[in-house]
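Participant: Once you've had a glance at the structure underneath, I'll fire off some questions.
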Amino acid sequence: RMHVCWGNYPGPHHHDVPLADIIEIVLKSKPKYLSIEACNPGHAHEWEVFENVSWPAGKVIMPGVLDTTTSHIEHPRLVAQRLMNYVRLVGAEHVMACTDCGFSTAAGAMNVPTEIVYAKLQSMVKGARIAEEMAAKEASNKRQRVA
């Protein structure tokens, strides 16, 4: 697994390198699983990058669907919507839910209380189930239109 990260420090992140500028290098990397920041304000829009790339066989994208820097608990529908942005572009078999980064990534840091971390992870599981249902429904509708 490779994690593409711009850091989850409390800064403005206005000088982060755009994912579009490095995506070709990232996709050529050896790891099968590619974890990317995908829900924080500086990178949530970058799912659009995948509209213009050829997805390599055998790679799995792990978009961050939980913000690890806030105690706000993401609604499962929001998690599903975030996942579906990727599913529609690279296929459900190539998408796995992930967090944007690690919780409490510095030794001794407790940015988000443990009970909230678990609640956020529960929301991610529920959202992934919703996305799975949405993807199956969209695939079924697509097959019906073709038939």
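Residue numbering restarts at 1 in every chain; chains get A, B, ... in the order shown in the structure tokens, and ligands count up from 1 in that same order.
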Contacts of region 141-143 of chain A at 12 Å or less, counting only C-alpha atoms, minus same-chain residues fewer than 6 places along, as a PDB file with all heavy atoms, in the first residue's frame?

Facilitator:
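Just written: part_21.pdb:
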```pdb
ATOM      1  N   ARG A  88     -17.633   5.291 -10.188  1.00  0.00           N
ATOM      2  CA  ARG A  88     -18.131   5.619 -11.532  1.00  0.00           C
ATOM      3  C   ARG A  88     -16.996   5.805 -12.539  1.00  0.00           C
ATOM      4  O   ARG A  88     -17.209   5.679 -13.747  1.00  0.00           O
ATOM      5  CB  ARG A  88     -18.993   6.868 -11.477  1.00  0.00           C
ATOM      6  CG  ARG A  88     -20.317   6.619 -10.770  1.00  0.00           C
ATOM      7  CD  ARG A  88     -21.180   7.860 -10.714  1.00  0.00           C
ATOM      8  NE  ARG A  88     -22.403   7.585  -9.986  1.00  0.00           N
ATOM      9  CZ  ARG A  88     -22.754   8.219  -8.858  1.00  0.00           C
ATOM     10  NH1 ARG A  88     -21.990   9.169  -8.339  1.00  0.00           N
ATOM     11  NH2 ARG A  88     -23.883   7.899  -8.254  1.00  0.00           N
ATOM     12  N   MET A 134     -25.584   1.256  -4.215  1.00  0.00           N
ATOM     13  CA  MET A 134     -25.718   2.230  -5.297  1.00  0.00           C
ATOM     14  C   MET A 134     -25.028   1.734  -6.565  1.00  0.00           C
ATOM     15  O   MET A 134     -25.572   1.849  -7.668  1.00  0.00           O
ATOM     16  CB  MET A 134     -25.135   3.585  -4.867  1.00  0.00           C
ATOM     17  CG  MET A 134     -25.924   4.292  -3.793  1.00  0.00           C
ATOM     18  SD  MET A 134     -25.049   5.734  -3.112  1.00  0.00           S
ATOM     19  CE  MET A 134     -25.159   6.876  -4.487  1.00  0.00           C
ATOM     20  N   ALA A 135     -23.824   1.181  -6.414  1.00  0.00           N
ATOM     21  CA  ALA A 135     -23.062   0.694  -7.568  1.00  0.00           C
ATOM     22  C   ALA A 135     -23.787  -0.471  -8.234  1.00  0.00           C
ATOM     23  O   ALA A 135     -23.853  -0.540  -9.468  1.00  0.00           O
ATOM     24  CB  ALA A 135     -21.652   0.284  -7.140  1.00  0.00           C
TER      25      ALA A 135
END
```

Participant: Do a neighbour search on Ala139 (chain A) at 10 Å with only C-alpha atoms, toss out local chain neighbours closer than 6 positions, and write the hits as a list in words.

Facilitator: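 That gives Arg88, Gly91, Ala92, Glu133 and Arg145 of chain A.
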
Participant: Which residues are close to region 76-83 of chain A, i.e. within 9 Å by only C-alpha atoms, leaving aside same-chain residues fewer than 5 positions away? Reply as a ChimeraX atom specification.

Facilitator: /A:38-39,44,47,63-66,88,92,95-97,122-132,134

Participant: Hey, which of A:Glu74, A:Tyr86, A:Ser54, A:Val4 ends up closest to Ile116 (chain A)? Count only C-alpha atoms.

Facilitator: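 Under the stated criterion, the closest residue is A:Glu74.
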
Participant: Please identify the strand (DSSP E or B) residues within chain A (assignment by DSSP from backbone atoms) and present them as a ChimeraX atom specification.

Facilitator: /A:2-4,33-36,60-66,95,98-99

Participant: Identify all residues of chain A in alpha helix (DSSP H) (DSSP on the backbone) and supply them as a PyMOL selection string.

Facilitator: chain A and resi 19-28+76-90+114-146

Participant: Rounded to one decimal, what separation in Å do you get between CA of Ile22 (chain A) and CA of Thr99 (chain A)?

Facilitator: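 Rounded to one decimal, the two atoms are 20.4 Å apart.
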